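What follows is the content of query-v3.cif, which has mmCIF, C-alpha atoms:
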```
data_coords
#
loop_
_atom_site.group_PDB
_atom_site.id
_atom_site.type_symbol
_atom_site.label_atom_id
_atom_site.label_comp_id
_atom_site.auth_asym_id
_atom_site.auth_seq_id
_atom_site.Cartn_x
_atom_site.Cartn_y
_atom_site.Cartn_z
ATOM 1 C CA GLU A 1 -91.198 110.011 23.786
ATOM 2 C CA GLY A 2 -90.717 110.455 20.002
ATOM 3 C CA ILE A 3 -88.687 112.997 18.101
ATOM 4 C CA SER A 4 -88.323 116.374 19.767
ATOM 5 C CA THR A 5 -89.209 119.580 17.937
ATOM 6 C CA GLY A 6 -85.475 120.299 17.611
ATOM 7 C CA GLY A 7 -84.970 116.875 16.064
ATOM 8 C CA MET A 8 -87.731 117.502 13.546
ATOM 9 C CA VAL A 9 -86.209 120.866 12.637
ATOM 10 C CA LEU A 10 -82.792 119.224 12.200
ATOM 11 C CA ILE A 11 -84.351 116.593 9.925
ATOM 12 C CA GLY A 12 -86.084 119.369 7.953
ATOM 13 C CA VAL A 13 -82.850 121.362 7.619
ATOM 14 C CA SER A 14 -80.975 118.227 6.525
ATOM 15 C CA ILE A 15 -83.610 117.447 3.894
ATOM 16 C CA TYR A 16 -83.476 121.068 2.742
ATOM 17 C CA MET A 17 -79.671 120.969 2.380
ATOM 18 C CA LEU A 18 -79.854 117.682 0.469
ATOM 19 C CA ALA A 19 -82.568 119.160 -1.768
ATOM 20 C CA MET A 20 -80.307 122.137 -2.541
ATOM 21 C CA LEU A 21 -77.573 119.751 -3.663
ATOM 22 C CA VAL A 22 -80.042 117.814 -5.840
ATOM 23 C CA ILE A 23 -81.238 121.099 -7.367
ATOM 24 C CA GLY A 24 -77.605 122.035 -8.049
ATOM 25 C CA ILE A 25 -77.063 118.760 -9.886
ATOM 26 C CA TRP A 26 -80.322 119.193 -11.841
ATOM 27 C CA SER A 27 -79.467 122.819 -12.649
ATOM 28 C CA ALA A 28 -76.077 121.829 -14.009
ATOM 29 C CA ARG A 29 -77.913 120.035 -16.818
ATOM 30 C CA GLN A 30 -79.574 123.343 -17.819
ATOM 31 C CA ILE A 31 -76.225 125.093 -18.319
ATOM 32 C CA ASN A 32 -74.913 125.461 -21.879
ATOM 33 C CA THR A 33 -73.292 128.905 -21.836
ATOM 34 C CA THR A 34 -71.676 131.346 -19.425
ATOM 35 C CA THR A 35 -74.860 133.423 -19.525
ATOM 36 C CA ASP A 36 -76.857 130.330 -18.512
ATOM 37 C CA TYR A 37 -74.546 129.833 -15.548
ATOM 38 C CA ILE A 38 -74.221 133.420 -14.320
ATOM 39 C CA VAL A 39 -77.702 134.859 -15.000
ATOM 40 C CA ALA A 40 -79.760 131.729 -15.767
ATOM 41 C CA GLY A 41 -79.716 132.543 -19.464
ATOM 42 C CA ARG A 42 -81.731 135.693 -18.716
ATOM 43 C CA ARG A 43 -84.803 133.448 -18.609
ATOM 44 C CA LEU A 44 -85.923 133.820 -14.991
ATOM 45 C CA GLY A 45 -89.060 135.869 -15.585
ATOM 46 C CA LEU A 46 -90.873 137.978 -13.004
ATOM 47 C CA PHE A 47 -91.851 135.175 -10.604
ATOM 48 C CA TYR A 48 -88.362 133.674 -10.291
ATOM 49 C CA SER A 49 -86.647 137.070 -10.279
ATOM 50 C CA THR A 50 -88.932 138.284 -7.508
ATOM 51 C CA GLY A 51 -88.482 135.053 -5.584
ATOM 52 C CA THR A 52 -84.708 135.092 -5.690
ATOM 53 C CA LEU A 53 -84.466 138.782 -4.793
ATOM 54 C CA PHE A 54 -86.961 138.439 -1.964
ATOM 55 C CA ALA A 55 -85.281 135.377 -0.457
ATOM 56 C CA THR A 56 -81.799 136.805 -0.944
ATOM 57 C CA TRP A 57 -82.565 140.053 0.853
ATOM 58 C CA PHE A 58 -85.028 138.726 3.415
ATOM 59 C CA CYS A 59 -83.110 135.678 4.569
ATOM 60 C CA ALA A 60 -81.919 134.163 7.836
ATOM 61 C CA GLY A 61 -79.782 137.217 8.591
ATOM 62 C CA THR A 62 -82.803 139.471 8.268
ATOM 63 C CA MET A 63 -85.155 137.105 10.054
ATOM 64 C CA MET A 64 -82.823 136.642 13.030
ATOM 65 C CA GLY A 65 -80.756 139.844 13.023
ATOM 66 C CA SER A 66 -83.516 142.340 12.298
ATOM 67 C CA ALA A 67 -85.877 140.581 14.659
ATOM 68 C CA ALA A 68 -83.299 140.965 17.432
ATOM 69 C CA GLN A 69 -82.690 144.612 16.539
ATOM 70 C CA SER A 70 -86.432 145.298 16.472
ATOM 71 C CA TYR A 71 -86.816 143.650 19.857
ATOM 72 C CA LEU A 72 -84.012 145.765 21.330
ATOM 73 C CA PHE A 73 -84.677 149.104 19.606
ATOM 74 C CA GLY A 74 -88.163 148.965 18.096
ATOM 75 C CA ASN A 75 -88.763 149.748 14.417
ATOM 76 C CA GLN A 76 -85.755 152.071 14.439
ATOM 77 C CA GLY A 77 -83.535 149.019 15.017
ATOM 78 C CA ALA A 78 -84.668 147.536 11.700
ATOM 79 C CA ILE A 79 -84.641 150.725 9.624
ATOM 80 C CA PHE A 80 -81.711 149.575 7.463
ATOM 81 C CA ASP A 81 -82.698 145.958 7.105
ATOM 82 C CA PRO A 82 -85.378 145.101 6.020
ATOM 83 C CA TRP A 83 -86.907 148.551 5.389
ATOM 84 C CA GLY A 84 -83.851 150.148 3.752
ATOM 85 C CA ALA A 85 -83.161 147.005 1.749
ATOM 86 C CA GLY A 86 -86.742 146.971 0.457
ATOM 87 C CA VAL A 87 -86.522 150.597 -0.663
ATOM 88 C CA CYS A 88 -83.187 149.873 -2.399
ATOM 89 C CA LEU A 89 -84.706 146.958 -4.303
ATOM 90 C CA ILE A 90 -87.660 149.033 -5.459
ATOM 91 C CA LEU A 91 -85.423 151.923 -6.558
ATOM 92 C CA ALA A 92 -83.019 149.577 -8.357
ATOM 93 C CA GLY A 93 -85.944 147.939 -10.153
ATOM 94 C CA LEU A 94 -87.418 151.251 -11.208
ATOM 95 C CA LEU A 95 -84.207 153.070 -12.135
ATOM 96 C CA PHE A 96 -81.454 150.636 -13.112
ATOM 97 C CA VAL A 97 -82.579 147.129 -14.027
ATOM 98 C CA ARG A 98 -84.010 148.031 -17.440
ATOM 99 C CA LEU A 99 -80.795 149.880 -18.372
ATOM 100 C CA MET A 100 -78.621 146.989 -17.228
ATOM 101 C CA ARG A 101 -80.703 144.477 -19.157
ATOM 102 C CA ARG A 102 -80.633 146.585 -22.327
ATOM 103 C CA GLY A 103 -76.860 146.974 -21.973
ATOM 104 C CA GLY A 104 -76.450 143.198 -21.680
ATOM 105 C CA PHE A 105 -74.536 143.556 -18.424
ATOM 106 C CA ILE A 106 -73.970 140.392 -16.475
ATOM 107 C CA THR A 107 -72.721 142.084 -13.307
ATOM 108 C CA LEU A 108 -72.904 145.561 -11.824
ATOM 109 C CA VAL A 109 -69.162 145.870 -12.384
ATOM 110 C CA ASP A 110 -69.787 145.600 -16.150
ATOM 111 C CA PHE A 111 -71.692 148.881 -16.014
ATOM 112 C CA PHE A 112 -68.854 150.740 -14.263
ATOM 113 C CA GLU A 113 -66.208 149.257 -16.538
ATOM 114 C CA ILE A 114 -68.029 150.115 -19.764
ATOM 115 C CA ARG A 115 -69.158 153.549 -18.602
ATOM 116 C CA TYR A 116 -66.017 154.706 -16.755
ATOM 117 C CA GLY A 117 -63.183 152.403 -17.852
ATOM 118 C CA GLN A 118 -61.226 149.453 -16.515
ATOM 119 C CA ARG A 119 -59.836 151.283 -13.487
ATOM 120 C CA MET A 120 -63.319 152.135 -12.219
ATOM 121 C CA GLY A 121 -64.472 148.586 -12.987
ATOM 122 C CA PHE A 122 -61.599 147.275 -10.871
ATOM 123 C CA LEU A 123 -62.449 149.647 -7.998
ATOM 124 C CA ALA A 124 -66.125 148.717 -8.230
ATOM 125 C CA SER A 125 -65.202 145.034 -8.027
ATOM 126 C CA LEU A 126 -63.097 145.651 -4.906
ATOM 127 C CA VAL A 127 -65.956 147.513 -3.206
ATOM 128 C CA LEU A 128 -68.450 144.789 -4.127
ATOM 129 C CA ILE A 129 -66.118 141.999 -2.985
ATOM 130 C CA VAL A 130 -65.707 143.591 0.445
ATOM 131 C CA ALA A 131 -69.446 144.254 0.786
ATOM 132 C CA GLU A 132 -70.410 140.775 -0.385
ATOM 133 C CA MET A 133 -67.919 139.073 1.939
ATOM 134 C CA GLY A 134 -69.624 140.635 4.948
ATOM 135 C CA TRP A 135 -73.100 139.897 3.651
ATOM 136 C CA VAL A 136 -72.380 136.284 2.648
ATOM 137 C CA GLY A 137 -70.483 135.763 5.890
ATOM 138 C CA SER A 138 -73.518 136.857 7.901
ATOM 139 C CA LEU A 139 -75.729 134.420 5.975
ATOM 140 C CA LEU A 140 -73.362 131.525 6.571
ATOM 141 C CA VAL A 141 -73.102 132.380 10.266
ATOM 142 C CA ALA A 142 -76.914 132.516 10.492
ATOM 143 C CA PHE A 143 -77.181 129.097 8.847
ATOM 144 C CA GLY A 144 -74.412 127.827 11.146
ATOM 145 C CA VAL A 145 -76.323 129.121 14.199
ATOM 146 C CA VAL A 146 -79.410 127.179 13.105
ATOM 147 C CA LEU A 147 -77.345 123.989 12.732
ATOM 148 C CA HIS A 148 -75.606 124.644 16.064
ATOM 149 C CA TYR A 149 -78.832 125.295 17.920
ATOM 150 C CA PHE A 150 -80.739 122.282 16.647
ATOM 151 C CA SER A 151 -77.927 119.743 16.356
ATOM 152 C CA GLY A 152 -75.520 120.709 19.127
ATOM 153 C CA LEU A 153 -72.667 120.884 16.628
ATOM 154 C CA PRO A 154 -70.040 123.496 17.448
ATOM 155 C CA LEU A 155 -70.864 126.788 15.719
ATOM 156 C CA ALA A 156 -67.706 126.577 13.580
ATOM 157 C CA TRP A 157 -68.801 123.191 12.219
ATOM 158 C CA GLY A 158 -72.277 124.516 11.458
ATOM 159 C CA ILE A 159 -70.715 127.370 9.478
ATOM 160 C CA ILE A 160 -68.331 125.004 7.655
ATOM 161 C CA ILE A 161 -71.140 122.591 6.712
ATOM 162 C CA SER A 162 -73.387 125.401 5.463
ATOM 163 C CA THR A 163 -70.483 126.891 3.496
ATOM 164 C CA VAL A 164 -69.661 123.581 1.809
ATOM 165 C CA VAL A 165 -73.309 122.989 0.827
ATOM 166 C CA VAL A 166 -73.780 126.530 -0.534
ATOM 167 C CA ILE A 167 -70.521 126.424 -2.513
ATOM 168 C CA ALA A 168 -71.333 122.961 -3.886
ATOM 169 C CA TYR A 169 -74.820 123.698 -5.210
ATOM 170 C CA THR A 170 -73.849 127.148 -6.492
ATOM 171 C CA TYR A 171 -70.777 125.777 -8.258
ATOM 172 C CA LEU A 172 -72.767 122.971 -9.832
ATOM 173 C CA GLY A 173 -75.699 124.894 -11.270
ATOM 174 C CA GLY A 174 -74.952 128.607 -11.121
ATOM 175 C CA MET A 175 -77.865 131.013 -10.939
ATOM 176 C CA TRP A 176 -80.512 128.359 -11.572
ATOM 177 C CA SER A 177 -79.374 126.373 -8.545
ATOM 178 C CA VAL A 178 -79.568 129.528 -6.416
ATOM 179 C CA THR A 179 -82.930 130.713 -7.764
ATOM 180 C CA ILE A 180 -84.966 127.534 -7.302
ATOM 181 C CA PRO A 181 -84.272 127.209 -3.523
ATOM 182 C CA ASP A 182 -84.734 130.979 -3.173
ATOM 183 C CA VAL A 183 -88.251 130.762 -4.590
ATOM 184 C CA TYR A 184 -89.133 128.021 -2.104
ATOM 185 C CA GLN A 185 -87.611 130.143 0.696
ATOM 186 C CA MET A 186 -89.747 133.097 -0.390
ATOM 187 C CA ILE A 187 -92.873 130.946 -0.223
ATOM 188 C CA LEU A 188 -91.897 129.645 3.227
ATOM 189 C CA LEU A 189 -91.101 133.121 4.544
ATOM 190 C CA ILE A 190 -94.391 134.539 3.309
#
```

Please lay out the structure from this file as C-alpha cells.
Amino acid sequence: EGISTGGMVLIGVSIYMLAMLVIGIWSARQINTTTDYIVAGRRLGLFYSTGTLFATWFCAGTMMGSAAQSYLFGNQGAIFDPWGAGVCLILAGLLFVRLMRRGGFITLVDFFEIRYGQRMGFLASLVLIVAEMGWVGSLLVAFGVVLHYFSGLPLAWGIIISTVVVIAYTYLGGMWSVTIPDVYQMILLI
C-alpha cells in the first residue's frame, strides 16, 4: 500500500521544521552584534530582502485564507490580501525604505520615536504589537491546521508545535534564521 499522500506531506513538513531549526542553529553562528540579530547586519541584499518580504506576506494565511475568500466572494474577497498587501509593499519600498535605511532605523517604531518623541514611539509600539499578534497568530493557526490535517493531531497541538519551532529558530538566529527559510518558501510558492 505504501505511504499515503498525507503521510508524505507530513514527512515533508517534519523535514521542513527540522531544517528551520538547523538553519536557526547555523544562523546563530553569524550573529556578532544586535544589528546582526535584528536586521541580519543590514547585509540581506535585494534577493534575500525580496524573498523574505514575499514569503512573509504571501504565506500560509494568504494561500489558505485568501483562496477561501476568493472562492466565496471572487476577486473582491481577496482585495485586501494579497492585492492590498502587494500595493502596500510596493509603496513602502518606493516611499519609506530608503529613508529608514539612511536613518539607521532598526524598527518602524524607531522612526516615530525619533521624529515625534518617546510618547509617540510608545503608542506606535502598542499599535504594532496588537497588529502583529493577530497576524502572527493567523500564521501559527495556519501552520497548526496543516499539521492537524495531515497528522491527525488536535489543532491546539499543531499550533503549539508550530509556535515552539518558530520561536526556537527565530530566537537562535534572529533575522538570518527567518530570511533563509523565507527565501525557500518564496521559491516553493512561485

Next item on the list: Please measure the separation of atom CA of Ala40 of chain A and atom CA of Trp176 of chain A, giving the value in Å to one decimal.
Entry: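 Interatomic distance, atom CA of Ala40 of chain A to atom CA of Trp176 of chain A: 5.4 Å.
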
Check: Between atom CA of Met17 of chain A and atom CA of Val165 of chain A, what is the distance, to one decimal in Å?
Finding: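 If I compute the distance from atom CA of Met17 of chain A to atom CA of Val165 of chain A, I get 6.9 Å.
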
Item checked: Surrounding residues of Ile114 of chain A excluding itself and chain neighbours under 6 positions, 12 Å, all atoms listed in the file, as an MDAnalysis selection string -> chainID A and resid 100 103:108 120:122 124

Check: When you draw a straight line from atom CA of Phe54 of chain A to atom CA of Phe143 of chain A, how long is it in Å?
Finding: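 One can read the atom CA of Phe54 of chain A to atom CA of Phe143 of chain A distance as 17.3 Å.
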
Next item on the list: Find, counting only C-alpha atoms, the residue in A:Val178, A:Leu189, A:Gly173, A:Leu95 that gets nearest to Thr33 of chain A.
Entry: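 The closest residue to Thr33 of chain A is A:Gly173.
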
Note to self: Let me make sure I understand: among A:Thr56, A:Ser162, A:Ser14, A:Ser177, which one has the smallest atom-to-atom distance to Trp135 of chain A if we use only C-alpha atoms?
What the structure shows: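 Residue with the minimum atom-to-atom distance to Trp135 of chain A: A:Thr56.
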
Item checked: Option closest in space to Leu53 of chain A, from A:Cys88, A:Ile129, A:Val13, A:Leu72 [counting only C-alpha atoms] -> A:Cys88

Margin query: Could you tell me, as a list of chain:residue names, exactly which residues end up selected when the PyMOL selection byres ((chain A and resi 20-26) around 8) is applied to this structure?
Written below: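 Against this file, the PyMOL selection byres ((chain A and resi 20-26) around 8) returns the residues A:Tyr16, A:Met17, A:Leu18, A:Ala19, A:Ser27, A:Ala28, A:Arg29, A:Gln30, A:Val165, A:Ala168, A:Tyr169, A:Thr170, A:Tyr171, A:Leu172, A:Gly173, A:Gly174, A:Trp176, A:Ser177, A:Val178, A:Ile180, A:Pro181.
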
Identify all residues satisfying the PyMOL selection byres ((chain A and resi 150) around 10) in the given file; provide them as a PDB file with C-alpha atoms, in the coordinates of the input.
```
ATOM      1  CA  THR A   5     -89.209 119.580  17.937  1.00  0.00           C
ATOM      2  CA  GLY A   6     -85.475 120.299  17.611  1.00  0.00           C
ATOM      3  CA  GLY A   7     -84.970 116.875  16.064  1.00  0.00           C
ATOM      4  CA  MET A   8     -87.731 117.502  13.546  1.00  0.00           C
ATOM      5  CA  VAL A   9     -86.209 120.866  12.637  1.00  0.00           C
ATOM      6  CA  LEU A  10     -82.792 119.224  12.200  1.00  0.00           C
ATOM      7  CA  ILE A  11     -84.351 116.593   9.925  1.00  0.00           C
ATOM      8  CA  VAL A  13     -82.850 121.362   7.619  1.00  0.00           C
ATOM      9  CA  VAL A 145     -76.323 129.121  14.199  1.00  0.00           C
ATOM     10  CA  VAL A 146     -79.410 127.179  13.105  1.00  0.00           C
ATOM     11  CA  LEU A 147     -77.345 123.989  12.732  1.00  0.00           C
ATOM     12  CA  HIS A 148     -75.606 124.644  16.064  1.00  0.00           C
ATOM     13  CA  TYR A 149     -78.832 125.295  17.920  1.00  0.00           C
ATOM     14  CA  SER A 151     -77.927 119.743  16.356  1.00  0.00           C
ATOM     15  CA  GLY A 152     -75.520 120.709  19.127  1.00  0.00           C
ATOM     16  CA  LEU A 153     -72.667 120.884  16.628  1.00  0.00           C
TER      17      LEU A 153
END
```

Check: When distances are computed from all atoms listed in the file, which of A:Ile187, A:Asp110, A:Gly93, A:Thr163 shows the smallest separation from Leu46 of chain A?
Finding: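 Of all the options, A:Gly93 lies closest to Leu46 of chain A.
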
Margin query: Here is a test: counting only C-alpha atoms, which residue of A:Ala55, A:Thr35, A:Val166, A:Leu94 is nearest to Pro82 of chain A?
Written below: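 Closest to Pro82 of chain A, using only C-alpha atoms: A:Ala55.
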
Next item on the list: Evaluate the PyMOL selection byres ((chain A and resi 66) around 10) here and jot the selected residues down as a ChimeraX atom specification.
Entry: /A:58,60-65,67-72,74-75,77-83

Could you write out as AutoDock Vina command-line options the box around segment 110-127 of chain A (axis-aligned, all atoms listed in the file, 8 Å on each side), with centre and edge lengths in Å to one decimal?
```
--center_x -65.8 --center_y 149.9 --center_z -11.5 --size_x 27.9 --size_y 25.7 --size_z 32.6
```

Note to self: Restricting the calculation to only C-alpha atoms: of A:Leu123, A:Trp57, A:Phe111, A:Asp182, which residue gets closest to Gly86 of chain A?
What the structure shows: A:Trp57

Check: Quick one: residues within 8 Å of Ala156 of chain A, all atoms listed in the file counted, chain neighbours fewer than 3 positions away excluded, as a VMD selection string?
Finding: chain A and resid 144 159 to 160
